[in-house]
Structure formats: C-alpha cells, structure tokens
Amino acid sequence: VNSATREIFGNIPPWQHYIFYSLATISMAIFAFGVIARMRRWTRGKITWRLELAEIKRRIPYFVTQVFAQPRLRKEPSSGAMHLFIFWGFLFLFVGTNIVAVQHYGPISFFHGIFYLIFKVVMNVFGLLMLVGVGVALYRRYVVRPKRIAGGSYGLALAFLGVLGVTGFLLEGFRMAARGYYGWYDWSPGGAVVASLLQATGASQATLTDWHRSVWWFHAVVTFTFIALIPYTRLLHMITAPLNIFFVPLRPKGALTTPFRLEDLEAGAATMVAPKVAADLMWQQLLGADACTECGLCQEVCPAYASERPLSPKQLILSLRDGVARNGSAGIQTQIDEMMSPISSWSCTNCRACMEACPVSIQHIDLIIDVRRKQVADSRLDANMVNTLTNLRRTGNPYGMPAEQRLAWTSGLPVSVKVDEVQTESEFEVLYWVGCAGAFDDRGRRVARAVATLLQRAGVKFKVLGPQERCSGDPARRLGEEGLFQEFARDNIRNLGRYGVKKIITQCPHCFNTLKNEYPDFGGHYEVLHHSEFISGLIADGRLKVEGDHHLQSVTYHDSCFLGRHNDVYSAPREALKSVPGLKLIEMPRNQEKSFCCGAGGANMWFDVGVGKKINNIRYGEAITTGAEVIATACPFCMTMFDDAQSSKGASGMVQIRDISEILVDGTSG
Ligand code: SF4
Ligand code: SF4
C-alpha cells in the first residue's frame with residue numbers, strides 16, 4: 001500500500017510536455033477571452049451597489065444551499081438526481097485534477113500510499129456518478145424528450161462531459177495495463193476493468209505503452225477543447241449559474257426593484273423612468289440571462305403558458321440573452337421590448353411560480369415589470385389600463401369611487417360592531433387596512449364586515465383610516481407606473497406616520513405585500529399581518545372561540561400567490577380553517593408553493609390580455625374536482641376570479657366561494 005502512487009506525466013516524453021503546456025495556454029487564453037467578453041457585457045448594465053463584507057456573509061447560506069444541494073431541481077426527483085450526479089461528479093473530477101497539479105508543481109509530496117488509494121476510490125465513484133448522470137440526461141433529452149427542454153442546445157455539453165468521463169477511465173485502464181499488475185489496482189475498479197480487458201487482448205507491453213500515450217493525448221486534447229469552449233457554449237452555465245445565485249437580490253421576495261426615486265426625479269437628479277435598452281437593465285439581469293440553463297422548469301409552472309397566453313418565462317429569458325448577444329457590442333443597445341415582447345409581459349400574473357422553480361434564481365418578474373415600465377413611458381397602454389391609472393390618479397382607488405364612500409361597507413354591520421376612524425395616535429392596538437376591494441367592491445365589503453366582526457368579537461382595539469386611506473399603489477406599480485406608485489407610497493406613509501401606526505392588518509394580500517415588503521424601501525416600517533394570520537393568532541391565543549355551528553363539512557383552500565409564494569404564508573389560513581370543528585380541509589393537487597394562480601395578479605384584475613384560455617377557469621376546475629362544499633380564499637381578487645369562473649359556467653351558487661373570515665364569522669364568539 002505504501003508504494004501505491006503514479007508518476008505524473010508518466011510515459012510522456014519530456015519534449016511532448018512543451019506541446020501539452022502550449023495547448024494548455026492556448027485553451028486557457030481562449031477561455032479567459034470568452035469569460036472577460038461576457039463580463040464586459042454584463043457590466044455594461046447598471047451597477048448601483050458595492051459588495052460589502054456584511055452582504056457577502058448574508059449571501060453565503062443561500063448560495064451554498066442552492067448550488068450544492070440544488071433543492072429546486074430535486075423537486076422533480078429523477079432530473080434532480082441526474083443533475084446532482086453530473087454536478088458532484090464533475091466537481092470531484094475538477095478538484096481531483098487540481099490535486100494532481102498541486103502534487104506536481106507544489107513543494108510537498110503527498111500523492112502516494114493511503115492518500116493516493118482513497119483518492120483513486122473517490123475519483124472512480126464520482127467519475128461513475130457523472131457518467132450515469134450524463135447517460136440519463138442524454139436519454140431524457142433524445143428519447144423521453146420532455147416538452148420543457150425542447151429546443152435546448154445541451155447536446156454538445158453533455159457529449160463533452162461523457163467523453164471526458166469515459167476517456168478518464170480508459171486512460172487509467174491503459175496506464176495500469178501498460179505498467180503491469182499491482183495489488184492496489186483493486187482501489188481503482190473502473191480502471192482495473194479496462195486494464196483486464198486490455199490484457200486479455202494479449203497486446204505486448206510496448207503496444208500497451210503506445211496505446212496509453214495515444215489515449216493520454218486524446219484525453220488532454222478533449223479537456224483543453226472543453227475548457228476553451230466553456231464561455232461560448234451552454235457549458236457557460238457552470239460559471240454563470242453559481243454567480244447569478246450569489247448575486248440574487250437580497251430584498252424581500254414580494255418586492256419589486258425601485259428604478260428611480262420620485263424625489264430625485266422631482267429635483268431633476270434623475271431622468272430615466274424606465275429602462276429602454278438592455279444597457280439600462282441592472283447588470284445582474286444581464287448576468288441572469290446568461291445563467292439560464294434552458295431547463296424549462298419556469299415554463300412548466302407558468303399559468304400564462306398553461307393557458308396558452310403568449311408567454312413562456314423560459315423563452316423570455318432566452319430572447320433577452322440572444323438579443324443582447326446579437327450584433328456584437330451593438331446588442332446591448334437593443335430596445336428591451338424588442339427582445340421581450342410587450343404582450344408577453346402583459347400576459348404575466350406576477351404569480352412568482354417561475355422564480356420559485358428556477359434553479360439558478362433568475363428574477364423573471366423584475367424583467368417583465370421593466371418591459372411594462374417602458375410601455376408606460378412610451379404611452380402604449382390599452383384602454384382598460386389607462387382607465388385604471390386614471391381612476392387611481394383621480395380618486396385614489398382603481399374602482400374610480402369617491403373616497404367618501406370608503407366607509408360604506410360598515411353600513412351592513414350589526415350595531416354591536418363599531419368601526420372607528422383613526423383620529424389620534426396610541427388609541428388602538430392595530431390599524432385595519434381595508435383596501436380598495438374591501439371598501440368599494442360589493443363582495444369585498446362583505447369580507448370587510450366579517451373581518452371587523454371577528455376583530456370586535458375578539459376584543460381587538462382596532463381603527464380604520466376610512467376616507468384617508470388610499471390605494472396601496474400595488475396596481476400602479478404592477479402596471480409599470482412607478483411614479484404613481486411612489487406617490488401613493490409617500491402619501492400613505494406620511495398618513496400612517498401621522499397616527500403613529502406600528503401594526504397593520506390587511507384584508508388583501510396585495511396590500512399586505514406592498515405595505516410589508518415595498519414600503520420599507522420608502523421609509524414605511526410596520527408590523528404587517530394578513531387578516532388570516534391575525535385571526536389565526538386570535539384563535540390560538542383563545543381570544544376568538546370557534547364553535548362550529550355553521551353546518552359546513554368540507555372546504556378547499558386556494559393559496560393567493562401574493563400571500564403564499566411572495567410571502568410564504570401557507571399555514572395560518574389553513575390553521576384558521578382547521579380550527580372549525582367538523583370542517584374537513586381538502587387540498588387541491590397543486591397547493592402551497594405549487595399553487596396555481598387565479599389569474600388576477602400583476603394587475604391582471606384590471607385588464608384582459610384577450611388571448612388564450614381563462615386562467616381562473618383552470619383553477620376553478622381544480623377546486624371543483626375536490627368535491628368540497630366551499631372554496632375558501634384569502635384575497636378579494638381570487639374571490640372575484642372564482643366567482644367569475646363559476647358564473648361563466650352558468651353554475652352560480654353551485655359551490656360557495658367565501659373568504660376565510662366569512663367562514664369563521666358564522667361559528668365564532670369572543
Ligand atoms: S410570474 Fe407567473 S405568470 Fe409570470 S412568468 Fe412567472 S410563472 Fe408565468
Ligand atoms: S429561467 Fe430558470 S427555470 Fe427557466 S429555463 Fe432558465 S434556468 Fe430554467
């Protein structure tokens with residue numbers, strides 16, 4: 001065992017070392033040239049921050065988890081295992097090659113004895129894993145052909161990895177055969193198999209030595225070609241994917257980018273309100289386009305794609321990548337809506353399913369909103385969008401209703417339920433943010449009454465802003481009207497500050513997301529809870545007693561995207577429903593982070609893209625299939641979407657569609 005080792009450059013004459021080093025230098029130079037060219041392209045995007053030590057520390061845990069454990073890929077076990085095999089196999093072979101280099105060029109000698117034998121075992125195991133992974137990948141790509149990877153160009157990359165792995169084993173086997181048998185060869189099972197086959201041919205030692213040299217050179221040339229090709233082929237994702245994961249924005253999941261500050265615009269310190277060309281995008285967005293692995297996981301979960309709208313999040317990213325790469329350095333000046341089509345951007349419901357699925361953390365929604373921002377800047381909106389924005393500007397809400405009617409919802413309340421407008425600070429436990437749907441939509445008003453009744457029963461000291469409340473700004477921001485959104489944010493933050501508001505419960509997940517995740521960027525810092533979270537807390541604390549005299553037996557719960565995927569609120573609504581005695585919760589097959597959108601998000605509530613199937617009909621069909629008596633929602637827009645789907649099928653009233661608060665209000669007491 002102690003004599004176990006191998007000679008590096010064994011059987012390669014010294015003069016051939018010069019050829020080896022020349023090829024290595026050429027290969028590395030081509031690699032470096034390609035990587036630098038890519039980096040120069042990314043850095044032509046906007047760079048707005050410096051990487052500080054504290055930020056690096058915050059990024060490391062996410063990076064380590066996503067790169068080394070690949071949890072998103074593992075959601076589909078077979079392809080997840082396949083990619084993990086390739087990744088870990090390649091990583092070990094890469095590290096192993098560098099260990100050999102350190103032994104050869106470094107000052108200490110360690111490449112012998114037990115270290116060498118363990119090294120051989122590890123290299124054999126991971127080499128084999130990589131080959132299994134490559135084999136499965138080729139089988140999936142060329143035999144199974146799942147739709148999501150159709151049109152991909154990974155064949156060359158997989159072929160190279162396969163050839164590298166196979167020639168690695170061959171090389172080892174030829175070396176063993178040429179040197180004759182040693183006892184430690186059993187530690188290299190892959191090479192030992194090849195060696196015994198070669199020896200069975202009866203070839204002479206001299207022939208085996210010649211063959212070994214030929215295979216050595218073939219392996220070396222394949223390796224150098226592989227390295228040189230990395231920046232110019234799909235292999236690039238070996239570099240860009242980890243980089244993109246490392247540089248993923250650290251803001252809350254539900255928050256959009258802030259492309260400019262209204263005060264800077266007003267002071268003349270900023271002029272650009274929307275990115276026009278690729279160079280106006282953030283540099284990470286350009287890096288992200290180069291990081292796409294074409295896996296299609298985003299496309300597979302996209303409700304717009306599933307409903308045959310003209311949007312595939314995968315194609316959107318690839319169009320940006322190819323658009324920037326086109327025409328040499330001029331590509332960076334391509335208009336963003338030439339690369340990412342406006343109709344695609346309007347087809348998006350901002351449901352975030354793509355971003356939750358993407359294994360390399362590409363931020364699709366930011367790009368989609370950037371295209372919308374450009375459409376706003378170019379005044380290319382349809383009549384419904386214009387109408388919504390006009391309503392927001394004129395009345396402070398997308399319904400176009402007078403602010404004085406913001407308390408009309410209270411008129412149906414029992415006399416025991418008192419809703420007071422906030423007048424001074426410190427008089428209340430929480431501020432109930434009713435939202436525009438709760439204030440103006442008939443169905444939303446019923447939910448507002450249910451929430452207020454539950455609060456009253458639990459003895460919660462709450463107030464509302466009443467006519468002083470304005471839209472949170474979510475529809476404006478999601479429509480791409482950033483300036484108007486910031487006006488709303490500024491006004492609401494000023495108003496909330498006037499009353500010393502610290503804790504807010506919202507009826508609507510969109511208000512919840514905006515107040516919780518987007519207002520902090522403008523100085524508004526509050527504890528924000530969705531009503532389902534607050535109510536479930538009241539039940540858990542015993543402040544609200546659920547008695548179950550509502551006669552309902554089964555319910556299915558639809559996760560709102562802005563509560564679920566954008567904010568990870570999955571259990572509170574379910575806990576509230578499960579607290580009702582005798583009420584059985586039946587899950588739809590797609591639930592929680594895999595939930596399918598209702599179709600209203602991303603301001604789709606306020607316009608109709610007019611292409612494809614209705615997303616709400618698809619989701620309504622899934623809910624009905626559970627056989628539950630009630631479809632429970634926690635969002636006024638989801639409720640409207642389900643109501644519309646049921647009416648469009650001429651089935652009004654067939655299944656009850658109710659907010660969680662409405663279900664609870666039937667069977668609770670304080
Ligand atoms: S946010 Fe939703 S609708 Fe938009 S591209 Fe992603 S998955 Fe599709
Ligand atoms: S954007 Fe992400 S999920 Fe979509 S194809 Fe590219 S890598 Fe896959």
# chains A, B, ... in the order shown; residues from 1 in each chain; ligands from 1
call {"tool": "residues_around", "arguments": {"residues": "segment 5-21 of chain A", "least_positions_apart": "4", "cutoff": "9 Å", "atoms": "only C-alpha atoms", "output": "PyMOL selection string"}}
result
chain A and resi 1+25-26+100-101+103-104+111-113+116-117+175+209-210+212-213+216-217+220-221
call {"tool": "residues_near_ligand", "arguments": {"ligand": "ligand 2", "cutoff": "7 Å", "atoms": "only C-alpha atoms and all ligand atoms", "output": "PyMOL selection string"}}
result
chain A and resi 291-299+313-314+317+354+357-362
call {"tool": "write_last_selection", "arguments": {"atoms": "all heavy atoms", "output": "CSV table (one decimal), in the first residue's frame"}}
result
chain,number,residue,atom,x,y,z
A,291,ALA,N,-27.3,33.0,-17.4
A,291,ALA,CA,-27.2,31.9,-16.5
A,291,ALA,C,-28.3,30.9,-16.8
A,291,ALA,O,-28.3,29.8,-16.2
A,291,ALA,CB,-27.4,32.4,-15.0
A,292,CYS,N,-29.3,31.2,-17.6
A,292,CYS,CA,-30.4,30.3,-17.9
A,292,CYS,C,-29.9,29.0,-18.4
A,292,CYS,O,-29.1,28.9,-19.4
A,292,CYS,CB,-31.4,30.9,-18.9
A,292,CYS,SG,-32.7,29.8,-19.3
A,293,THR,N,-30.3,27.9,-17.8
A,293,THR,CA,-29.9,26.6,-18.2
A,293,THR,C,-30.8,25.9,-19.2
A,293,THR,O,-30.7,24.7,-19.6
A,293,THR,CB,-29.8,25.6,-17.0
A,293,THR,OG1,-31.1,25.5,-16.5
A,293,THR,CG2,-28.8,26.2,-15.9
A,294,GLU,N,-31.9,26.7,-19.6
A,294,GLU,CA,-32.9,26.1,-20.6
A,294,GLU,C,-33.6,24.9,-20.0
A,294,GLU,O,-34.1,24.1,-20.8
A,294,GLU,CB,-32.2,25.8,-21.9
A,294,GLU,CG,-31.5,27.0,-22.5
A,294,GLU,CD,-30.9,26.7,-23.9
A,294,GLU,OE1,-31.3,25.7,-24.5
A,294,GLU,OE2,-30.0,27.4,-24.3
A,295,CYS,N,-33.7,24.8,-18.7
A,295,CYS,CA,-34.3,23.6,-18.1
A,295,CYS,C,-35.8,23.6,-18.3
A,295,CYS,O,-36.5,22.6,-18.2
A,295,CYS,CB,-34.0,23.5,-16.6
A,295,CYS,SG,-34.7,24.8,-15.6
A,296,GLY,N,-36.4,24.8,-18.5
A,296,GLY,CA,-37.9,24.9,-18.7
A,296,GLY,C,-38.7,24.7,-17.5
A,296,GLY,O,-40.0,24.6,-17.6
A,297,LEU,N,-38.1,24.6,-16.3
A,297,LEU,CA,-38.9,24.4,-15.1
A,297,LEU,C,-39.9,25.6,-14.8
A,297,LEU,O,-41.0,25.5,-14.3
A,297,LEU,CB,-38.0,24.3,-13.8
A,297,LEU,CG,-37.3,22.9,-13.8
A,297,LEU,CD1,-36.2,22.9,-12.7
A,297,LEU,CD2,-38.3,21.8,-13.5
A,298,CYS,N,-39.4,26.8,-15.2
A,298,CYS,CA,-40.3,28.0,-15.1
A,298,CYS,C,-41.5,27.9,-16.0
A,298,CYS,O,-42.6,28.2,-15.6
A,298,CYS,CB,-39.5,29.3,-15.4
A,298,CYS,SG,-38.7,29.2,-17.0
A,299,GLN,N,-41.2,27.5,-17.2
A,299,GLN,CA,-42.3,27.4,-18.2
A,299,GLN,C,-43.4,26.3,-17.8
A,299,GLN,O,-44.6,26.5,-17.9
A,299,GLN,CB,-41.7,26.9,-19.5
A,299,GLN,CG,-42.7,26.7,-20.6
A,299,GLN,CD,-41.9,26.3,-21.9
A,299,GLN,OE1,-41.2,27.1,-22.5
A,299,GLN,NE2,-42.1,25.0,-22.3
A,313,PRO,N,-41.9,32.0,-19.7
A,313,PRO,CA,-40.8,32.7,-19.0
A,313,PRO,C,-39.4,32.2,-19.5
A,313,PRO,O,-38.5,33.0,-19.5
A,313,PRO,CB,-41.0,32.3,-17.5
A,313,PRO,CG,-42.1,31.2,-17.5
A,313,PRO,CD,-42.8,31.3,-18.8
A,314,LYS,N,-39.3,31.0,-19.9
A,314,LYS,CA,-38.0,30.5,-20.4
A,314,LYS,C,-37.6,31.2,-21.7
A,314,LYS,O,-36.6,31.8,-21.8
A,314,LYS,CB,-38.1,29.0,-20.7
A,314,LYS,CG,-37.0,28.4,-21.4
A,314,LYS,CD,-37.2,26.9,-21.7
A,314,LYS,CE,-36.4,26.3,-22.8
A,314,LYS,NZ,-36.6,24.9,-23.0
A,317,ILE,N,-36.5,34.8,-21.2
A,317,ILE,CA,-35.1,35.0,-20.7
A,317,ILE,C,-34.2,34.7,-21.9
A,317,ILE,O,-33.2,35.4,-22.1
A,317,ILE,CB,-34.8,34.0,-19.5
A,317,ILE,CG1,-35.7,34.3,-18.3
A,317,ILE,CG2,-33.3,34.1,-19.1
A,317,ILE,CD1,-35.6,35.7,-17.8
A,354,CYS,N,-42.6,30.9,-11.5
A,354,CYS,CA,-41.3,30.7,-12.3
A,354,CYS,C,-40.1,30.9,-11.4
A,354,CYS,O,-39.1,30.2,-11.4
A,354,CYS,CB,-41.3,31.7,-13.5
A,354,CYS,SG,-41.6,33.4,-13.0
A,357,ALA,N,-39.4,28.2,-9.0
A,357,ALA,CA,-39.0,27.0,-9.7
A,357,ALA,C,-37.5,27.1,-10.2
A,357,ALA,O,-36.8,26.1,-10.4
A,357,ALA,CB,-39.9,26.6,-10.9
A,358,CYS,N,-37.1,28.3,-10.6
A,358,CYS,CA,-35.8,28.5,-11.3
A,358,CYS,C,-34.6,28.0,-10.4
A,358,CYS,O,-34.4,28.6,-9.4
A,358,CYS,CB,-35.7,29.9,-11.7
A,358,CYS,SG,-34.1,30.2,-12.7
A,359,PRO,N,-33.9,27.1,-10.9
A,359,PRO,CA,-32.8,26.6,-10.1
A,359,PRO,C,-31.6,27.5,-10.0
A,359,PRO,O,-30.7,27.4,-9.2
A,359,PRO,CB,-32.4,25.3,-10.8
A,359,PRO,CG,-32.9,25.4,-12.2
A,359,PRO,CD,-34.1,26.3,-12.1
A,360,VAL,N,-31.6,28.5,-10.9
A,360,VAL,CA,-30.5,29.5,-10.9
A,360,VAL,C,-30.9,30.9,-10.5
A,360,VAL,O,-30.1,31.8,-10.6
A,360,VAL,CB,-29.7,29.5,-12.2
A,360,VAL,CG1,-29.1,28.1,-12.5
A,360,VAL,CG2,-30.6,30.0,-13.4
A,361,SER,N,-32.1,31.0,-9.9
A,361,SER,CA,-32.5,32.2,-9.2
A,361,SER,C,-32.7,33.4,-10.2
A,361,SER,O,-32.4,34.5,-9.8
A,361,SER,CB,-31.6,32.6,-8.1
A,361,SER,OG,-31.5,31.6,-7.1
A,362,ILE,N,-33.2,33.1,-11.4
A,362,ILE,CA,-33.4,34.2,-12.3
A,362,ILE,C,-34.7,35.0,-11.9
A,362,ILE,O,-35.6,34.4,-11.4
A,362,ILE,CB,-33.5,33.7,-13.8
A,362,ILE,CG1,-32.1,33.3,-14.2
A,362,ILE,CG2,-34.1,34.7,-14.7
A,362,ILE,CD1,-32.1,32.5,-15.5
call {"tool": "residues_near_ligand", "arguments": {"ligand": "ligand 1", "cutoff": "8 Å", "atoms": "only C-alpha atoms and all ligand atoms", "output": "list of chain:residue names"}}
result
A:Cys298, A:Gln299, A:Val301, A:Cys302, A:Pro303, A:Ala304, A:Tyr305, A:Leu311, A:Ser312, A:Pro313, A:Ser345, A:Ser347, A:Cys348, A:Thr349, A:Asn350, A:Cys351, A:Arg352, A:Ala353, A:Cys354, A:Met355, A:His364, A:Ile365, A:Ile368, A:Cys597
call {"tool": "write_last_selection", "arguments": {"atoms": "N, CA, C and O atoms", "output": "mmCIF file, in the first residue's frame"}}
result
data_model
loop_
_atom_site.group_PDB
_atom_site.id
_atom_site.type_symbol
_atom_site.label_atom_id
_atom_site.label_comp_id
_atom_site.auth_asym_id
_atom_site.auth_seq_id
_atom_site.Cartn_x
_atom_site.Cartn_y
_atom_site.Cartn_z
ATOM 1 N N CYS A 298 -39.423 26.817 -15.249
ATOM 2 C CA CYS A 298 -40.266 28.005 -15.099
ATOM 3 C C CYS A 298 -41.492 27.905 -16.015
ATOM 4 O O CYS A 298 -42.618 28.202 -15.614
ATOM 5 N N GLN A 299 -41.245 27.472 -17.216
ATOM 6 C CA GLN A 299 -42.323 27.353 -18.206
ATOM 7 C C GLN A 299 -43.374 26.334 -17.756
ATOM 8 O O GLN A 299 -44.570 26.536 -17.928
ATOM 9 N N VAL A 301 -44.424 25.597 -14.857
ATOM 10 C CA VAL A 301 -45.332 26.002 -13.775
ATOM 11 C C VAL A 301 -46.057 27.309 -14.087
ATOM 12 O O VAL A 301 -46.841 27.788 -13.259
ATOM 13 N N CYS A 302 -45.807 27.879 -15.249
ATOM 14 C CA CYS A 302 -46.349 29.213 -15.549
ATOM 15 C C CYS A 302 -47.829 29.137 -15.946
ATOM 16 O O CYS A 302 -48.185 28.473 -16.922
ATOM 17 N N PRO A 303 -48.704 29.831 -15.218
ATOM 18 C CA PRO A 303 -50.120 29.788 -15.580
ATOM 19 C C PRO A 303 -50.416 30.452 -16.915
ATOM 20 O O PRO A 303 -51.343 30.057 -17.620
ATOM 21 N N ALA A 304 -49.612 31.449 -17.270
ATOM 22 C CA ALA A 304 -49.828 32.115 -18.556
ATOM 23 C C ALA A 304 -49.516 31.133 -19.691
ATOM 24 O O ALA A 304 -50.270 31.027 -20.668
ATOM 25 N N TYR A 305 -48.431 30.400 -19.556
ATOM 26 C CA TYR A 305 -48.067 29.412 -20.573
ATOM 27 C C TYR A 305 -49.117 28.303 -20.617
ATOM 28 O O TYR A 305 -49.550 27.886 -21.699
ATOM 29 N N LEU A 311 -46.783 33.752 -23.556
ATOM 30 C CA LEU A 311 -45.685 33.949 -22.604
ATOM 31 C C LEU A 311 -45.096 32.615 -22.175
ATOM 32 O O LEU A 311 -45.816 31.746 -21.677
ATOM 33 N N SER A 312 -43.821 32.483 -22.401
ATOM 34 C CA SER A 312 -43.055 31.406 -21.761
ATOM 35 C C SER A 312 -41.930 32.115 -21.030
ATOM 36 O O SER A 312 -41.102 32.794 -21.665
ATOM 37 N N PRO A 313 -41.875 31.990 -19.710
ATOM 38 C CA PRO A 313 -40.785 32.676 -18.990
ATOM 39 C C PRO A 313 -39.414 32.231 -19.463
ATOM 40 O O PRO A 313 -38.462 33.011 -19.473
ATOM 41 N N SER A 345 -45.243 40.360 -21.584
ATOM 42 C CA SER A 345 -45.180 40.980 -20.252
ATOM 43 C C SER A 345 -46.580 41.181 -19.681
ATOM 44 O O SER A 345 -46.818 40.953 -18.504
ATOM 45 N N SER A 347 -49.091 39.373 -20.291
ATOM 46 C CA SER A 347 -49.696 38.065 -20.025
ATOM 47 C C SER A 347 -49.335 37.531 -18.642
ATOM 48 O O SER A 347 -49.915 36.560 -18.177
ATOM 49 N N CYS A 348 -48.354 38.133 -18.024
ATOM 50 C CA CYS A 348 -47.841 37.616 -16.743
ATOM 51 C C CYS A 348 -48.723 38.063 -15.582
ATOM 52 O O CYS A 348 -49.115 39.227 -15.494
ATOM 53 N N THR A 349 -49.002 37.146 -14.679
ATOM 54 C CA THR A 349 -49.816 37.477 -13.496
ATOM 55 C C THR A 349 -48.946 37.716 -12.268
ATOM 56 O O THR A 349 -49.468 37.806 -11.153
ATOM 57 N N ASN A 350 -47.655 37.802 -12.479
ATOM 58 C CA ASN A 350 -46.713 38.025 -11.357
ATOM 59 C C ASN A 350 -46.879 36.992 -10.251
ATOM 60 O O ASN A 350 -46.712 37.284 -9.074
ATOM 61 N N CYS A 351 -47.217 35.773 -10.650
ATOM 62 C CA CYS A 351 -47.541 34.765 -9.631
ATOM 63 C C CYS A 351 -46.312 34.215 -8.920
ATOM 64 O O CYS A 351 -46.397 33.574 -7.901
ATOM 65 N N ARG A 352 -45.147 34.426 -9.494
ATOM 66 C CA ARG A 352 -43.862 34.038 -8.892
ATOM 67 C C ARG A 352 -43.560 32.537 -8.970
ATOM 68 O O ARG A 352 -42.570 32.074 -8.421
ATOM 69 N N ALA A 353 -44.410 31.790 -9.653
ATOM 70 C CA ALA A 353 -44.152 30.352 -9.750
ATOM 71 C C ALA A 353 -42.831 30.108 -10.472
ATOM 72 O O ALA A 353 -42.065 29.214 -10.108
ATOM 73 N N CYS A 354 -42.552 30.909 -11.511
ATOM 74 C CA CYS A 354 -41.320 30.725 -12.276
ATOM 75 C C CYS A 354 -40.097 30.933 -11.391
ATOM 76 O O CYS A 354 -39.134 30.167 -11.444
ATOM 77 N N MET A 355 -40.143 31.990 -10.574
ATOM 78 C CA MET A 355 -38.975 32.310 -9.759
ATOM 79 C C MET A 355 -38.760 31.285 -8.653
ATOM 80 O O MET A 355 -37.626 31.022 -8.255
ATOM 81 N N HIS A 364 -37.512 36.698 -13.068
ATOM 82 C CA HIS A 364 -38.337 36.967 -14.247
ATOM 83 C C HIS A 364 -39.231 38.201 -14.056
ATOM 84 O O HIS A 364 -39.390 39.006 -14.967
ATOM 85 N N ILE A 365 -39.839 38.302 -12.872
ATOM 86 C CA ILE A 365 -40.863 39.348 -12.707
ATOM 87 C C ILE A 365 -40.242 40.739 -12.862
ATOM 88 O O ILE A 365 -40.849 41.638 -13.460
ATOM 89 N N ILE A 368 -40.086 41.502 -16.454
ATOM 90 C CA ILE A 368 -41.428 41.693 -17.014
ATOM 91 C C ILE A 368 -41.960 43.077 -16.646
ATOM 92 O O ILE A 368 -42.520 43.796 -17.480
ATOM 93 N N CYS A 597 -52.098 29.963 -10.020
ATOM 94 C CA CYS A 597 -52.643 31.322 -9.880
ATOM 95 C C CYS A 597 -54.131 31.381 -10.249
ATOM 96 O O CYS A 597 -54.619 30.575 -11.039
#
call {"tool": "closest_residue", "arguments": {"among": "A:Gly323, A:Gly599, A:Gly627, A:Pro231", "to": "Thr640 of chain A", "atoms": "only C-alpha atoms"}}
result
A:Gly599
call {"tool": "select_by_dssp", "arguments": {"residues": "segment 92-175 of chain A", "states": "alpha helix (DSSP H)", "output": "JSON, numbers by chain"}}
result
{"A": [92, 93, 94, 95, 96, 97, 98, 99, 100, 101, 102, 103, 104, 105, 113, 114, 115, 116, 117, 118, 119, 120, 121, 122, 123, 124, 125, 126, 127, 128, 129, 130, 131, 132, 133, 134, 135, 136, 137, 138, 139, 155, 156, 157, 158, 159, 160, 161, 162, 163, 164, 165, 166, 167, 168, 169, 170, 171, 172, 173, 174, 175]}
call {"tool": "closest_residue", "arguments": {"among": "A:Met654, A:Ala540, A:Ala206, A:Ala29", "to": "Ile227 of chain A", "atoms": "only C-alpha atoms"}}
result
A:Ala29
call {"tool": "select_by_dssp", "arguments": {"residues": "segment 596-652 of chain A", "states": "strand (DSSP E)", "output": "number ranges by chain"}}
result
A: 630-633
call {"tool": "closest_residue", "arguments": {"among": "A:Val163, A:Phe224, A:Thr633, A:Leu664", "to": "Ser22 of chain A", "atoms": "only C-alpha atoms"}}
result
A:Phe224
call {"tool": "residues_around", "arguments": {"residues": "segment 416-430 of chain A", "least_positions_apart": "2", "cutoff": "7 Å", "atoms": "only C-alpha atoms", "output": "PyMOL selection string"}}
result
chain A and resi 413-414+432+453+456+460-466+499-500+503-505
call {"tool": "closest_residue", "arguments": {"among": "A:Arg44, A:Thr626, A:Ala289, A:Met176", "to": "Gln333 of chain A", "atoms": "only C-alpha atoms"}}
result
A:Arg44
call {"tool": "decode", "arguments": {"residues": "segment 316-330 of chain A", "atoms": "C-alpha atoms", "output": "compact mmCIF listing (two decimals), in the first residue's frame"}}
result
# COMPACT_ATOMS: atom_id res chain seq x y z
CA LEU A 316 -38.48 35.46 -22.39
CA ILE A 317 -35.10 34.98 -20.73
CA LEU A 318 -33.61 33.33 -23.80
CA SER A 319 -34.88 36.17 -26.02
CA LEU A 320 -33.07 38.63 -23.78
CA ARG A 321 -29.91 36.51 -23.82
CA ASP A 322 -29.92 36.12 -27.60
CA GLY A 323 -30.96 39.72 -28.21
CA VAL A 324 -28.03 41.08 -26.19
CA ALA A 325 -25.62 38.66 -27.87
CA ARG A 326 -26.77 39.63 -31.37
CA ASN A 327 -24.86 42.20 -33.47
CA GLY A 328 -21.71 42.14 -31.34
CA SER A 329 -21.37 45.06 -29.00
CA ALA A 330 -24.45 46.77 -30.53
